[in-house]
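Q: input.pdb is reproduced in full below (PDB, C-alpha atoms).
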```pdb
ATOM      1  CA  MET A1231       0.000   0.000   0.000
ATOM      2  CA  ASN A1232       1.044   3.567  -0.668
ATOM      3  CA  ASN A1233       0.663   6.169   2.067
ATOM      4  CA  LEU A1234      -0.757   9.640   1.602
ATOM      5  CA  TYR A1235       0.123  11.890   4.547
ATOM      6  CA  VAL A1236      -2.337  14.762   4.809
ATOM      7  CA  LYS A1237      -2.047  17.577   7.318
ATOM      8  CA  VAL A1238      -5.231  19.645   7.466
ATOM      9  CA  ILE A1239      -3.827  22.976   8.589
ATOM     10  CA  GLU A1240      -6.610  25.556   8.369
ATOM     11  CA  ALA A1241      -9.413  27.095   6.340
ATOM     12  CA  LYS A1242     -10.116  30.747   5.590
ATOM     13  CA  ASP A1243     -13.334  32.633   4.858
ATOM     14  CA  ILE A1244     -15.627  29.597   4.789
ATOM     15  CA  HIS A1245     -19.420  29.855   4.513
ATOM     16  CA  GLY A1246     -21.298  30.613   7.736
ATOM     17  CA  ALA A1247     -23.940  27.900   7.994
ATOM     18  CA  ASP A1248     -25.400  28.747  11.431
ATOM     19  CA  LEU A1249     -27.967  31.445  12.238
ATOM     20  CA  GLY A1250     -25.341  33.702  13.811
ATOM     21  CA  GLY A1251     -23.283  33.700  10.604
ATOM     22  CA  LYS A1252     -20.591  31.360  11.931
ATOM     23  CA  SER A1253     -19.997  27.615  11.502
ATOM     24  CA  ASP A1254     -18.811  24.697  13.622
ATOM     25  CA  PRO A1255     -16.600  23.158  10.913
ATOM     26  CA  TYR A1256     -14.941  19.775  10.641
ATOM     27  CA  CYS A1257     -13.429  17.901   7.684
ATOM     28  CA  VAL A1258     -13.855  14.387   6.354
ATOM     29  CA  LEU A1259     -10.903  13.108   4.298
ATOM     30  CA  LYS A1260     -11.449  10.359   1.762
ATOM     31  CA  ILE A1261      -9.735   8.627  -1.095
ATOM     32  CA  ASN A1262     -12.193   8.570  -4.018
ATOM     33  CA  ASP A1263     -15.938   8.302  -3.467
ATOM     34  CA  GLU A1264     -17.866   6.829  -0.557
ATOM     35  CA  ASP A1265     -19.003   3.741  -2.489
ATOM     36  CA  ILE A1266     -15.408   2.702  -3.155
ATOM     37  CA  ASN A1267     -14.411   3.448   0.437
ATOM     38  CA  LYS A1268     -17.142   1.205   1.839
ATOM     39  CA  LYS A1269     -15.749  -1.725  -0.143
ATOM     40  CA  VAL A1270     -12.211  -1.029   0.985
ATOM     41  CA  LYS A1271     -13.160  -0.558   4.652
ATOM     42  CA  LYS A1272     -14.480  -4.101   4.706
ATOM     43  CA  ARG A1273     -10.948  -5.264   3.927
ATOM     44  CA  GLY A1274      -9.653  -3.266   6.899
ATOM     45  CA  LYS A1275      -7.953  -0.461   4.984
ATOM     46  CA  HIS A1276      -7.651   3.121   6.247
ATOM     47  CA  TRP A1277      -9.208   5.320   3.563
ATOM     48  CA  GLU A1278     -10.933   7.980   5.625
ATOM     49  CA  GLY A1279     -10.062  10.556   8.281
ATOM     50  CA  LEU A1280     -12.130  12.913  10.421
ATOM     51  CA  THR A1281     -10.858  16.140  11.979
ATOM     52  CA  SER A1282     -12.028  17.630  15.231
ATOM     53  CA  THR A1283     -14.856  20.180  15.215
ATOM     54  CA  LYS A1284     -13.993  23.841  15.732
ATOM     55  CA  THR A1285     -16.759  26.008  17.167
ATOM     56  CA  LYS A1286     -18.182  29.328  15.974
ATOM     57  CA  THR A1287     -15.576  30.261  13.388
ATOM     58  CA  LEU A1288     -15.174  31.019   9.687
ATOM     59  CA  ASN A1289     -11.386  30.598   9.926
ATOM     60  CA  PRO A1290     -10.751  27.268  11.703
ATOM     61  CA  THR A1291      -7.286  25.923  12.508
ATOM     62  CA  TRP A1292      -6.786  22.164  12.893
ATOM     63  CA  ASN A1293      -3.114  21.213  12.373
ATOM     64  CA  GLU A1294      -4.142  17.548  12.352
ATOM     65  CA  THR A1295      -2.364  14.830  10.359
ATOM     66  CA  TYR A1296      -3.895  11.730   8.771
ATOM     67  CA  ILE A1297      -2.393   8.795   6.905
ATOM     68  CA  LEU A1298      -4.569   7.439   4.106
ATOM     69  CA  GLU A1299      -3.691   4.286   2.195
ATOM     70  CA  THR A1300      -3.932   4.011  -1.578
ATOM     71  CA  MET A1301      -3.462   1.165  -4.002
ATOM     72  CA  PRO A1302      -0.231   1.185  -6.048
ATOM     73  CA  GLY A1303      -0.784   2.105  -9.686
ATOM     74  CA  ASP A1304      -4.031   4.015  -9.137
ATOM     75  CA  GLU A1305      -2.451   7.481  -8.931
ATOM     76  CA  GLU A1306      -3.873   8.603 -12.292
ATOM     77  CA  SER A1307      -7.486   7.769 -11.398
ATOM     78  CA  ASP A1308      -7.644   8.253  -7.611
ATOM     79  CA  PHE A1309      -8.227  11.535  -5.824
ATOM     80  CA  LEU A1310      -8.177  13.049  -2.354
ATOM     81  CA  ARG A1311     -11.557  14.458  -1.329
ATOM     82  CA  VAL A1312     -11.751  16.759   1.708
ATOM     83  CA  GLN A1313     -15.353  17.545   2.634
ATOM     84  CA  LEU A1314     -16.220  20.351   5.066
ATOM     85  CA  PHE A1315     -19.304  20.161   7.247
ATOM     86  CA  ASP A1316     -20.944  22.352   9.871
ATOM     87  CA  HIS A1317     -21.711  20.345  13.008
ATOM     88  CA  ASP A1318     -25.294  20.723  14.267
ATOM     89  CA  LYS A1319     -26.430  19.342  17.606
ATOM     90  CA  VAL A1320     -30.115  19.011  16.778
ATOM     91  CA  SER A1321     -30.324  18.472  13.027
ATOM     92  CA  LYS A1322     -28.279  16.867  10.267
ATOM     93  CA  ASP A1323     -24.837  18.433   9.745
ATOM     94  CA  ASP A1324     -24.753  20.990   6.910
ATOM     95  CA  SER A1325     -22.371  20.720   3.993
ATOM     96  CA  ILE A1326     -19.973  23.671   3.673
ATOM     97  CA  GLY A1327     -18.169  22.429   0.544
ATOM     98  CA  MET A1328     -15.252  20.292  -0.564
ATOM     99  CA  CYS A1329     -11.882  20.093  -2.284
ATOM    100  CA  LYS A1330     -11.241  17.304  -4.781
ATOM    101  CA  ILE A1331      -7.581  16.887  -5.744
ATOM    102  CA  PRO A1332      -6.200  14.221  -8.121
ATOM    103  CA  LEU A1333      -3.476  12.074  -6.521
ATOM    104  CA  SER A1334      -1.407  12.645  -9.652
ATOM    105  CA  THR A1335      -0.853  16.155  -8.217
ATOM    106  CA  PHE A1336       1.302  14.630  -5.472
ATOM    107  CA  VAL A1337       3.268  11.825  -7.167
ATOM    108  CA  ASN A1338       6.531  13.702  -7.698
ATOM    109  CA  GLY A1339       7.738  12.612  -4.243
ATOM    110  CA  GLN A1340       7.807  16.151  -2.881
ATOM    111  CA  PRO A1341       5.493  17.460  -0.158
ATOM    112  CA  HIS A1342       2.857  19.888  -1.411
ATOM    113  CA  ASP A1343       1.938  22.839   0.804
ATOM    114  CA  GLY A1344      -0.997  24.589  -0.808
ATOM    115  CA  TRP A1345      -4.314  26.383  -0.583
ATOM    116  CA  TYR A1346      -7.273  24.763  -2.340
ATOM    117  CA  ASP A1347     -10.577  26.398  -3.293
ATOM    118  CA  ILE A1348     -13.615  25.078  -1.444
ATOM    119  CA  LYS A1349     -16.284  24.174  -4.018
ATOM    120  CA  PRO A1350     -19.905  23.077  -3.624
ATOM    121  CA  MET A1351     -20.662  19.390  -3.058
ATOM    122  CA  LYS A1352     -24.316  19.898  -3.937
ATOM    123  CA  LYS A1353     -26.138  23.237  -4.010
ATOM    124  CA  GLU A1354     -24.647  24.857  -0.902
ATOM    125  CA  LYS A1355     -23.032  28.283  -0.916
ATOM    126  CA  ALA A1356     -19.429  27.155  -0.798
ATOM    127  CA  LYS A1357     -16.615  29.642  -0.453
ATOM    128  CA  GLY A1358     -13.194  30.011   1.089
ATOM    129  CA  LYS A1359      -9.928  28.099   0.895
ATOM    130  CA  LEU A1360      -8.454  25.068   2.643
ATOM    131  CA  HIS A1361      -4.758  24.842   3.555
ATOM    132  CA  LEU A1362      -3.259  21.340   3.256
ATOM    133  CA  LEU A1363       0.214  19.853   3.484
ATOM    134  CA  VAL A1364       0.284  16.586   1.534
ATOM    135  CA  HIS A1365       3.087  14.051   1.040
ATOM    136  CA  TYR A1366       2.557  11.011  -1.145
ATOM    137  CA  CYS A1367       4.838   8.062  -0.296
ATOM    138  CA  PRO A1368       4.635   5.062  -2.619
ATOM    139  CA  VAL A1369       5.726   1.642  -1.383
ATOM    140  CA  GLY A1370       9.447   1.668  -0.604
ATOM    141  CA  VAL A1371       9.740   5.478  -0.397
ATOM    142  CA  PRO A1372      10.503   6.619   3.151
ATOM    143  CA  PHE A1373       8.548   9.414   4.783
ATOM    144  CA  VAL A1374      11.115  12.080   5.665
ATOM    145  CA  ARG A1375       9.108  15.172   6.593
ATOM    146  CA  ARG A1376       9.343  16.294  10.197
ATOM    147  CA  ASP A1377       6.714  19.067  10.049
ATOM    148  CA  PHE A1378       3.726  16.755   9.949
TER
END
```
Represent the structure contained in this file as structure tokens.

A:
Amino acid sequence: MNNLYVKVIEAKDIHGADLGGKSDPYCVLKINDEDINKKVKKRGKHWEGLTSTKTKTLNPTWNETYILETMPGDEESDFLRVQLFDHDKVSKDDSIGMCKIPLSTFVNGQPHDGWYDIKPMKKEKAKGKLHLLVHYCPVGVPFVRRDF
């Protein structure tokens, strides 16, 4: 298995989903779509991560690192999906948006520190940017970054 190290650093200027104009954001990290992940989870693979929830903010900071596993040879078709949600205590969590990034973006062996536009998953008013540090390590390539 290949490892994809993802550090969710922060987001800026996200959509305020609560009545007061703020959000209680958290992120869900996935490789590909949910249907594929359900199949893989049955085999005991780690293809999803979940950040903590930050309260009443449009500029959350997480600094949380996740290791996602990918299949060798699928770099051209696979992608990293980071979905942002607003946590609600009484009703279903609201979608804030998502970033979908092809794994081929990361295959050069170098860590990528970048800001990614938050786009709608459905019809929500998505806005803002997400800051990620990503390092793709294929089988046999050692992970050398110390800032994760």

Q: Which residues fall under the PyMOL selection byres ((chain A and resi 1249-1261) around 6) in this file, as an MDAnalysis selection string?

A: chainID A and resid 1246:1248 1262 1277:1288 1309:1317

Q: Now that the selection is made, can you save its residues with C-alpha atoms as a compact mmCIF listing (two decimals), in the coordinates of the input?

A:
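Generated output (again-v2.txt):
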```
# COMPACT_ATOMS: atom_id res chain seq x y z
CA GLY A 1246 -21.30 30.61 7.74
CA ALA A 1247 -23.94 27.90 7.99
CA ASP A 1248 -25.40 28.75 11.43
CA ASN A 1262 -12.19 8.57 -4.02
CA TRP A 1277 -9.21 5.32 3.56
CA GLU A 1278 -10.93 7.98 5.62
CA GLY A 1279 -10.06 10.56 8.28
CA LEU A 1280 -12.13 12.91 10.42
CA THR A 1281 -10.86 16.14 11.98
CA SER A 1282 -12.03 17.63 15.23
CA THR A 1283 -14.86 20.18 15.22
CA LYS A 1284 -13.99 23.84 15.73
CA THR A 1285 -16.76 26.01 17.17
CA LYS A 1286 -18.18 29.33 15.97
CA THR A 1287 -15.58 30.26 13.39
CA LEU A 1288 -15.17 31.02 9.69
CA PHE A 1309 -8.23 11.54 -5.82
CA LEU A 1310 -8.18 13.05 -2.35
CA ARG A 1311 -11.56 14.46 -1.33
CA VAL A 1312 -11.75 16.76 1.71
CA GLN A 1313 -15.35 17.55 2.63
CA LEU A 1314 -16.22 20.35 5.07
CA PHE A 1315 -19.30 20.16 7.25
CA ASP A 1316 -20.94 22.35 9.87
CA HIS A 1317 -21.71 20.34 13.01
```

Q: Going by the chain IDs and residue numbers used in this file, which residues fall under the PyMOL selection byres ((chain A and resi 1348) around 8)? Write them as a count of residues only.

A: 13

Q: Given the file shown, determine the residues that the PyMOL selection byres ((chain A and resi 1332) around 8) selects; report them as number ranges by chain.

A: A: 1305-1310, 1330-1331, 1333-1336

Q: Leu1362 of chain A: which residues within 8 Å, counting only C-alpha atoms, same-chain residues fewer than 3 positions away excluded, as an MDAnalysis selection string?

A: chainID A and resid 1236:1240 1342:1346

Q: What's the separation between atom CA of Thr1291 of chain A and atom CA of Tyr1235 of chain A, in Å to one decimal place?

A: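 Straight-line distance from atom CA of Thr1291 of chain A to atom CA of Tyr1235 of chain A works out to 17.8 Å.
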
Q: How many Å separate atom CA of Ser1325 of chain A from atom CA of Lys1352 of chain A?

A: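 Atom CA of Lys1352 of chain A lies at a distance of 8.2 Å from atom CA of Ser1325 of chain A.
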
Q: State, in Å with one decimal place, the distance from atom CA of Glu1299 of chain A to atom CA of Asp1324 of chain A.

A: 27.3 Å

Q: Considering all atoms listed in the file, can you say which of A:Asp1323, A:Pro1302, A:His1245, A:Tyr1296 comes closest to Asn1232 of chain A?

A: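 Of all the options, A:Pro1302 lies closest to Asn1232 of chain A.
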
Q: With only C-alpha atoms as the basis for distance, which of A:Ile1297, A:Ala1241, A:Val1337, A:Val1320 is at the shortest distance from Tyr1366 of chain A?

A: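 Selected residue with least distance to Tyr1366 of chain A: A:Val1337.
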